[in-house]
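Shown next: input.pdb, containing PDB, C-alpha atoms and all ligand atoms.
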```pdb
MODEL        1
ATOM      1  CA  MET A  38     -14.179  14.211  17.444
ATOM      2  CA  ALA A  39     -17.622  12.914  16.481
ATOM      3  CA  SER A  40     -17.604   9.598  18.336
ATOM      4  CA  ALA A  41     -15.629   7.667  20.918
ATOM      5  CA  PRO A  42     -12.094   6.795  19.871
ATOM      6  CA  ILE A  43     -11.514   3.399  18.312
ATOM      7  CA  VAL A  44      -9.692   0.941  20.570
ATOM      8  CA  PRO A  45      -8.030  -1.612  18.277
ATOM      9  CA  GLY A  46      -8.799  -5.150  19.369
ATOM     10  CA  GLU A  47      -8.337  -8.813  18.507
ATOM     11  CA  ARG A  48     -10.070  -8.589  15.119
ATOM     12  CA  ASP A  49      -8.282  -5.426  13.978
ATOM     13  CA  VAL A  50      -5.064  -5.322  11.980
ATOM     14  CA  LEU A  51      -2.852  -2.399  10.981
ATOM     15  CA  VAL A  52      -1.614  -2.861   7.408
ATOM     16  CA  ILE A  53       1.486  -0.739   6.778
ATOM     17  CA  VAL A  54       1.797  -0.293   3.026
ATOM     18  CA  ASP A  55       5.133   0.214   1.267
ATOM     19  CA  VAL A  56       6.967   2.431   3.777
ATOM     20  CA  GLN A  57      10.108   1.900   1.696
ATOM     21  CA  ASN A  58      13.083   4.054   0.792
ATOM     22  CA  GLY A  59      12.009   4.170  -2.857
ATOM     23  CA  PHE A  60       8.871   6.115  -1.968
ATOM     24  CA  MET A  61      10.649   8.599   0.293
ATOM     25  CA  PRO A  62      12.056  11.981  -0.774
ATOM     26  CA  GLY A  63      15.347  11.064  -2.465
ATOM     27  CA  GLY A  64      14.052   7.629  -3.470
ATOM     28  CA  SER A  65      13.436   6.430  -6.999
ATOM     29  CA  LEU A  66       9.670   7.096  -6.978
ATOM     30  CA  PRO A  67       9.384   9.794  -4.322
ATOM     31  CA  VAL A  68       5.993  10.494  -2.777
ATOM     32  CA  PRO A  69       5.824  14.130  -1.601
ATOM     33  CA  GLU A  70       6.283  14.173   2.205
ATOM     34  CA  GLY A  71       6.390  10.365   2.194
ATOM     35  CA  ASP A  72       8.756  10.372   5.166
ATOM     36  CA  ARG A  73       6.212  12.294   7.255
ATOM     37  CA  VAL A  74       4.100   9.158   7.677
ATOM     38  CA  VAL A  75       6.799   7.285   9.609
ATOM     39  CA  PRO A  76       6.289   8.789  13.101
ATOM     40  CA  VAL A  77       2.498   8.624  12.736
ATOM     41  CA  VAL A  78       2.665   4.982  11.649
ATOM     42  CA  ASN A  79       4.988   4.132  14.548
ATOM     43  CA  ARG A  80       2.609   5.736  17.041
ATOM     44  CA  LEU A  81      -0.413   3.917  15.585
ATOM     45  CA  ALA A  82       1.422   0.599  15.477
ATOM     46  CA  ARG A  83       1.882   0.677  19.246
ATOM     47  CA  ALA A  84      -1.935   0.679  19.607
ATOM     48  CA  PHE A  85      -2.411  -2.440  17.445
ATOM     49  CA  ARG A  86      -1.663  -5.966  18.625
ATOM     50  CA  HIS A  87      -1.813  -7.168  15.030
ATOM     51  CA  VAL A  88       0.408  -5.472  12.473
ATOM     52  CA  ILE A  89       1.464  -6.519   9.002
ATOM     53  CA  VAL A  90       3.745  -4.812   6.507
ATOM     54  CA  THR A  91       3.788  -4.797   2.704
ATOM     55  CA  GLN A  92       6.748  -4.289   0.401
ATOM     56  CA  ASP A  93       6.732  -3.394  -3.286
ATOM     57  CA  TRP A  94       9.196  -5.984  -4.598
ATOM     58  CA  HIS A  95       9.913  -5.797  -8.312
ATOM     59  CA  THR A  96      12.240  -7.774 -10.528
ATOM     60  CA  PRO A  97      14.865  -5.869 -12.520
ATOM     61  CA  GLY A  98      13.266  -4.914 -15.862
ATOM     62  CA  HIS A  99       9.757  -5.168 -14.404
ATOM     63  CA  VAL A 100       6.849  -4.562 -16.801
ATOM     64  CA  SER A 101       5.734  -1.516 -14.749
ATOM     65  CA  PHE A 102       9.032   0.292 -15.387
ATOM     66  CA  ALA A 103       9.086   2.882 -18.196
ATOM     67  CA  SER A 104      12.662   1.761 -18.926
ATOM     68  CA  SER A 105      11.292  -1.628 -20.026
ATOM     69  CA  HIS A 106       9.346  -0.047 -22.918
ATOM     70  CA  ARG A 107      11.079   1.616 -25.841
ATOM     71  CA  GLY A 108      10.183   5.289 -26.229
ATOM     72  CA  LYS A 109       8.154   5.472 -23.008
ATOM     73  CA  LYS A 110       8.763   7.681 -20.020
ATOM     74  CA  PRO A 111       7.602   7.572 -16.410
ATOM     75  CA  PHE A 112       3.906   8.413 -15.883
ATOM     76  CA  ASP A 113       2.980   7.418 -19.467
ATOM     77  CA  THR A 114       0.208   4.820 -19.655
ATOM     78  CA  ILE A 115       0.348   1.720 -21.882
ATOM     79  CA  GLU A 116      -2.006  -1.193 -22.557
ATOM     80  CA  LEU A 117      -0.922  -4.547 -21.187
ATOM     81  CA  PRO A 118      -2.791  -7.870 -21.535
ATOM     82  CA  TYR A 119      -4.504  -7.161 -18.193
ATOM     83  CA  GLY A 120      -5.428  -3.537 -18.980
ATOM     84  CA  PRO A 121      -3.932  -0.055 -18.689
ATOM     85  CA  GLN A 122      -0.649   0.273 -16.800
ATOM     86  CA  ILE A 123       0.928   3.517 -15.622
ATOM     87  CA  LEU A 124       4.680   3.344 -16.159
ATOM     88  CA  TRP A 125       6.987   4.262 -13.300
ATOM     89  CA  PRO A 126      10.646   4.979 -12.789
ATOM     90  CA  ASP A 127      12.573   1.813 -11.878
ATOM     91  CA  HIS A 128      11.786   1.388  -8.173
ATOM     92  CA  CYS A 129      11.870  -1.086  -5.291
ATOM     93  CA  VAL A 130      13.934  -3.721  -7.070
ATOM     94  CA  GLN A 131      14.275  -6.886  -4.976
ATOM     95  CA  GLY A 132      17.175  -6.804  -2.567
ATOM     96  CA  THR A 133      18.160  -3.161  -3.159
ATOM     97  CA  VAL A 134      18.349  -0.386  -0.568
ATOM     98  CA  ASP A 135      15.519   1.334  -2.485
ATOM     99  CA  ALA A 136      13.267  -1.610  -1.574
ATOM    100  CA  ASP A 137      14.227  -1.624   2.109
ATOM    101  CA  LEU A 138      11.762  -0.426   4.701
ATOM    102  CA  HIS A 139      12.462   3.066   6.056
ATOM    103  CA  LYS A 140      15.119   2.750   8.748
ATOM    104  CA  ASP A 141      12.977   4.541  11.347
ATOM    105  CA  LEU A 142       9.942   2.321  10.894
ATOM    106  CA  ALA A 143       9.629   0.739  14.336
ATOM    107  CA  VAL A 144       7.269  -2.236  14.204
ATOM    108  CA  PRO A 145       9.077  -5.162  15.857
ATOM    109  CA  HIS A 146       5.752  -6.853  16.602
ATOM    110  CA  ALA A 147       4.717  -7.039  12.909
ATOM    111  CA  SER A 148       3.885 -10.685  12.172
ATOM    112  CA  LEU A 149       3.931 -10.762   8.363
ATOM    113  CA  ILE A 150       5.699  -9.027   5.507
ATOM    114  CA  ILE A 151       3.811  -9.486   2.273
ATOM    115  CA  ARG A 152       5.738  -8.769  -0.912
ATOM    116  CA  LYS A 153       4.027  -7.903  -4.160
ATOM    117  CA  GLY A 154       4.850  -7.032  -7.746
ATOM    118  CA  TYR A 155       7.459  -9.798  -7.914
ATOM    119  CA  ARG A 156       6.123 -11.359 -11.131
ATOM    120  CA  PRO A 157       8.074  -9.796 -14.015
ATOM    121  CA  GLN A 158       4.994  -9.318 -16.235
ATOM    122  CA  VAL A 159       2.342  -8.332 -13.656
ATOM    123  CA  ASP A 160       2.208  -5.266 -11.412
ATOM    124  CA  SER A 161       0.442  -5.319  -8.049
ATOM    125  CA  TYR A 162      -0.618  -2.141  -6.271
ATOM    126  CA  SER A 163      -2.971  -4.193  -4.147
ATOM    127  CA  ALA A 164      -1.764  -6.313  -1.257
ATOM    128  CA  PHE A 165      -4.587  -8.775  -2.051
ATOM    129  CA  LEU A 166      -4.912  -9.164  -5.811
ATOM    130  CA  GLU A 167      -2.368  -8.531  -8.556
ATOM    131  CA  ALA A 168      -3.064  -6.224 -11.496
ATOM    132  CA  ASP A 169      -4.320  -9.085 -13.667
ATOM    133  CA  ARG A 170      -7.160  -9.104 -11.106
ATOM    134  CA  THR A 171      -6.994 -12.875 -10.750
ATOM    135  CA  THR A 172      -3.695 -13.781  -9.060
ATOM    136  CA  MET A 173      -4.086 -13.651  -5.284
ATOM    137  CA  THR A 174      -1.241 -12.761  -2.932
ATOM    138  CA  GLY A 175      -2.514 -14.932  -0.080
ATOM    139  CA  LEU A 176      -3.281 -12.024   2.247
ATOM    140  CA  SER A 177      -7.034 -12.591   2.466
ATOM    141  CA  GLY A 178      -6.418 -16.206   3.462
ATOM    142  CA  TYR A 179      -3.944 -15.085   6.116
ATOM    143  CA  LEU A 180      -6.336 -12.521   7.593
ATOM    144  CA  ARG A 181      -9.254 -14.934   7.552
ATOM    145  CA  GLU A 182      -7.323 -17.784   9.172
ATOM    146  CA  ARG A 183      -6.196 -15.434  11.910
ATOM    147  CA  GLY A 184      -9.711 -14.089  12.527
ATOM    148  CA  LEU A 185      -8.765 -10.555  11.493
ATOM    149  CA  ALA A 186     -11.876  -8.800  10.183
ATOM    150  CA  HIS A 187     -11.046  -5.097   9.999
ATOM    151  CA  ALA A 188      -7.962  -3.790   8.206
ATOM    152  CA  TYR A 189      -6.698  -0.264   8.924
ATOM    153  CA  PHE A 190      -4.442   0.952   6.121
ATOM    154  CA  VAL A 191      -1.552   3.410   6.412
ATOM    155  CA  GLY A 192       1.556   4.127   4.337
ATOM    156  CA  LEU A 193       2.287   4.889   0.693
ATOM    157  CA  ALA A 194       0.894   5.829  -1.632
ATOM    158  CA  THR A 195      -2.680   6.854  -0.768
ATOM    159  CA  ASP A 196      -3.803   6.830  -4.390
ATOM    160  CA  PHE A 197      -2.154   3.594  -5.519
ATOM    161  CA  CYS A 198      -1.113   0.826  -3.170
ATOM    162  CA  VAL A 199      -3.139   2.058  -0.180
ATOM    163  CA  ALA A 200      -6.344   2.681  -2.161
ATOM    164  CA  TRP A 201      -6.154  -0.504  -4.220
ATOM    165  CA  SER A 202      -5.495  -2.544  -1.077
ATOM    166  CA  ALA A 203      -8.380  -0.958   0.839
ATOM    167  CA  LEU A 204     -10.785  -1.454  -2.079
ATOM    168  CA  ASP A 205      -9.765  -5.096  -2.435
ATOM    169  CA  ALA A 206     -10.115  -5.628   1.310
ATOM    170  CA  LYS A 207     -13.753  -4.503   1.036
ATOM    171  CA  ARG A 208     -14.331  -6.700  -2.022
ATOM    172  CA  ALA A 209     -12.894  -9.672  -0.125
ATOM    173  CA  GLY A 210     -15.414  -9.131   2.671
ATOM    174  CA  PHE A 211     -13.293  -7.340   5.259
ATOM    175  CA  GLN A 212     -14.001  -3.986   6.865
ATOM    176  CA  ALA A 213     -11.522  -1.411   5.637
ATOM    177  CA  SER A 214     -10.410   1.975   6.921
ATOM    178  CA  VAL A 215      -7.674   4.355   5.771
ATOM    179  CA  ILE A 216      -5.987   6.587   8.351
ATOM    180  CA  GLU A 217      -5.408   9.610   6.171
ATOM    181  CA  ASP A 218      -2.714  11.502   8.085
ATOM    182  CA  ALA A 219      -0.622   8.317   8.057
ATOM    183  CA  THR A 220      -0.627   8.283   4.240
ATOM    184  CA  ARG A 221       0.642  10.518   1.423
ATOM    185  CA  ALA A 222      -0.304  10.513  -2.266
ATOM    186  CA  ILE A 223       1.612  10.534  -5.550
ATOM    187  CA  ASP A 224      -1.275  12.474  -7.179
ATOM    188  CA  THR A 225      -0.696  12.004 -10.910
ATOM    189  CA  ALA A 226      -3.509  13.101 -13.275
ATOM    190  CA  GLY A 227      -6.060  13.537 -10.479
ATOM    191  CA  SER A 228      -5.371  10.128  -8.947
ATOM    192  CA  ARG A 229      -5.667  11.317  -5.361
ATOM    193  CA  ALA A 230      -9.211  12.718  -5.633
ATOM    194  CA  ARG A 231     -10.325   9.738  -7.718
ATOM    195  CA  ALA A 232      -8.956   7.285  -5.164
ATOM    196  CA  TRP A 233     -10.853   8.940  -2.326
ATOM    197  CA  ALA A 234     -14.062   9.049  -4.390
ATOM    198  CA  ASP A 235     -13.713   5.343  -5.187
ATOM    199  CA  MET A 236     -12.910   4.420  -1.587
ATOM    200  CA  THR A 237     -15.798   6.449  -0.170
ATOM    201  CA  ALA A 238     -18.225   4.926  -2.690
ATOM    202  CA  ALA A 239     -17.027   1.439  -1.716
ATOM    203  CA  GLY A 240     -17.553   2.040   1.993
ATOM    204  CA  VAL A 241     -13.924   2.429   3.040
ATOM    205  CA  ALA A 242     -13.882   4.562   6.203
ATOM    206  CA  ARG A 243     -11.761   7.741   6.033
ATOM    207  CA  LEU A 244     -10.181   8.221   9.463
ATOM    208  CA  THR A 245      -7.435  10.305  11.023
ATOM    209  CA  SER A 246      -5.055   9.111  13.709
ATOM    210  CA  SER A 247      -7.041  11.147  16.261
ATOM    211  CA  ASP A 248      -9.913   8.669  15.755
ATOM    212  CA  ILE A 249      -7.750   5.895  17.259
ATOM    213  CA  ALA A 250      -7.204   5.608  20.989
ATOM    214  CA  LEU A 251      -3.409   5.950  21.340
TER     215      LEU A 251
HETATM  216  C1  LIG B 301       3.203   2.187  -5.683
HETATM  217  C2  LIG B 301       3.318   2.969  -7.842
HETATM  218  C3  LIG B 301       4.098   1.899  -8.215
HETATM  219  C4  LIG B 301       2.693   2.391  -4.296
HETATM  220  C5  LIG B 301       3.972   1.100  -6.045
HETATM  221  O1  LIG B 301       3.293   1.837  -3.346
HETATM  222  O2  LIG B 301       1.687   3.111  -4.133
HETATM  223  N1  LIG B 301       2.874   3.116  -6.597
HETATM  224  N2  LIG B 301       4.417   0.971  -7.304
HETATM  225 ZN    ZN B 302       5.714  -0.597  -7.796
ENDMDL
END
```
Would you write out, as structure tokens, the structure that this file holds?
Amino acid sequence: MASAPIVPGERDVLVIVDVQNGFMPGGSLPVPEGDRVVPVVNRLARAFRHVIVTQDWHTPGHVSFASSHRGKKPFDTIELPYGPQILWPDHCVQGTVDADLHKDLAVPHASLIIRKGYRPQVDSYSAFLEADRTTMTGLSGYLRERGLAHAYFVGLATDFCVAWSALDAKRAGFQASVIEDATRAIDTAGSRARAWADMTAAGVARLTSSDIAL
């Protein structure tokens, strides 16, 4: 290890992104090895006093679902009023088992669950700002009011909800790190490499769990 391990403190928050059944092997939008993040996330969470959780939380017939667009299939891209939108299998519909957090996620001290993607016509990969890039989720206000300055991101998927959240955290004036071995990627059309290039260029720190004092 290059430097002393990071000891999470009062201004640090672990943001656990979308560790939901839908993104696990066997789920509706499976992320390869998505379930492998769960023990790593649980171990990290014990080192953080401040933990929050996000949940992808779509309406039935959501605009991001390929099934909502005639003749389209998952992983096609379409133009929506707010820009290009990748289309997905139906996933993480509000109140379904697919949208539940993984049963082995053990974070009883998490203080907030932030749900996103619940507007029928707007997707939201980011935990901060919806895909129209103007509607805010309220998370930056929450972090700021609680004096939380550095967000450490883990969960699914590296190249969508994790990356977009980390980039928006930086844009909103927070420090942002991604703990890579506590994430897994979907990796469609080079999205994984592009996400890391974008995050590195934006100053998002790329860590592994061995960088954190556990
Ligand atoms: C996600 C695609 C669609 C994610 C959510 O959690 O990364 N990806 N909805
Ligand atoms: Zn989604």
Which residues of chain A come within 10 Å of ligand ZN 302 (chain B), and for each one, what is the closest pair of atoms and their distance in Å to one decimal, counting all atoms listed in the file, sorted by chain and residue number, as a Markdown table?
```
| residue | atom | partner | partner_atom | distance |
| --- | --- | --- | --- | --- |
| A:Asp55 | CA | B:ZN302 | ZN | 9.1 |
| A:Gly59 | CA | B:ZN302 | ZN | 9.3 |
| A:Phe60 | CA | B:ZN302 | ZN | 9.4 |
| A:Leu66 | CA | B:ZN302 | ZN | 8.7 |
| A:Gln92 | CA | B:ZN302 | ZN | 9.0 |
| A:Asp93 | CA | B:ZN302 | ZN | 5.4 |
| A:Trp94 | CA | B:ZN302 | ZN | 7.2 |
| A:His95 | CA | B:ZN302 | ZN | 6.7 |
| A:His99 | CA | B:ZN302 | ZN | 9.0 |
| A:Val100 | CA | B:ZN302 | ZN | 9.9 |
| A:Ser101 | CA | B:ZN302 | ZN | 7.0 |
| A:Phe102 | CA | B:ZN302 | ZN | 8.3 |
| A:Leu124 | CA | B:ZN302 | ZN | 9.3 |
| A:Trp125 | CA | B:ZN302 | ZN | 7.5 |
| A:Pro126 | CA | B:ZN302 | ZN | 9.0 |
| A:Asp127 | CA | B:ZN302 | ZN | 8.3 |
| A:His128 | CA | B:ZN302 | ZN | 6.4 |
| A:Cys129 | CA | B:ZN302 | ZN | 6.7 |
| A:Val130 | CA | B:ZN302 | ZN | 8.8 |
| A:Ala136 | CA | B:ZN302 | ZN | 9.8 |
| A:Lys153 | CA | B:ZN302 | ZN | 8.3 |
| A:Gly154 | CA | B:ZN302 | ZN | 6.5 |
| A:Tyr155 | CA | B:ZN302 | ZN | 9.4 |
| A:Asp160 | CA | B:ZN302 | ZN | 6.9 |
| A:Ser161 | CA | B:ZN302 | ZN | 7.1 |
| A:Tyr162 | CA | B:ZN302 | ZN | 6.7 |
| A:Phe197 | CA | B:ZN302 | ZN | 9.2 |
| A:Cys198 | CA | B:ZN302 | ZN | 8.4 |
```
query = Any idea what's packed within 12 Å of A:Val191, counting all atoms listed in the file, ignoring anything in its chain fewer than 6 positions away? Could you give it as a ChimeraX atom specification?
reply = /A:50-56,71,73-82,88-91,197-200,202-203,213-222,243-246
task = Enter the distance from atom CA of A:Ala147 to atom CA of A:Phe211, in Å, rounded to one decimal.
result =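 Separation between atom CA of A:Ala147 and atom CA of A:Phe211: 19.6 Å.
Take the candidates A:Thr96, A:Thr195, A:Thr114, A:Asn58 and check each one against ligand LIG 301 (chain B) using all atoms listed in the file; the shortest distance goes to A:Thr195.
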note = Taken to one decimal, the atom CA of A:Pro69-atom CA of A:Gly120 distance is 27.2 Å
Local residues around (14.8, 3.8, 8.2), at most 10 Å away, using all atoms listed in the file, as a list in words = Val56, Gln57, Asn58, Asp72, Val75, Asp137, Leu138, His139, Lys140, Asp141, Leu142 and Ala143 of chain A
query = How many Å lie between atom CA of A:Gly175 and atom CA of A:Asp224, rounded to one decimal?
reply = 28.3 Å
Please enclose the listed atoms of ligand LIG 301 (chain B) in an axis-aligned box, pad each side by 3 Å, and write out the centre and the three edge lengths in Å, rounded to one decimal, as lines of an AutoDock Vina configuration file.
```
center_x = 3.1
center_y = 2.0
center_z = -5.8
size_x = 8.7
size_y = 8.1
size_z = 10.9
```
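Comparing A:Val44, A:Leu180, A:Leu193, A:Ile249 by their smallest distance to ligand LIG 301 (chain B), the closest is A:Leu193 (using only C-alpha atoms and all ligand atoms).
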ask   = Between A:Ser247, A:Thr133, A:Ser105, A:Ser65, which is the closest to ligand LIG 301 (chain B) once you count only C-alpha atoms and all ligand atoms?
value =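 Under the stated criterion, the closest residue is A:Ser65.
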task = Name every residue that the PyMOL selection byres (((chain A and resi 210) around 10) and not hetatm) selects in this structure, writing the answer as a list in words with chains first and numbers rising.
result =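 On the file shown, the PyMOL selection byres (((chain A and resi 210) around 10) and not hetatm) covers Ser177, Arg181, Ala186, His187, Asp205, Ala206, Lys207, Arg208, Ala209, Phe211, Gln212 and Ala213 of chain A.
Proximity ranking of A:Asp196, A:Glu70, A:Glu47, A:Glu182 relative to A:Trp233 places A:Asp196 first, based on only C-alpha atoms.
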task = Compare A:Phe112, A:Tyr189, A:Phe85, A:Tyr179 by their minimum atom-to-atom distance to ligand LIG 301 (chain B), counting only C-alpha atoms and all ligand atoms, and give me the closest one.
result =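 Of the candidates, the smallest distance to ligand LIG 301 (chain B) is held by A:Phe112.
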For ligand LIG 301 (chain B), the nearest of the candidates A:Val144, A:Ile43, A:Met173, A:Ile223, counting only C-alpha atoms and all ligand atoms = A:Ile223
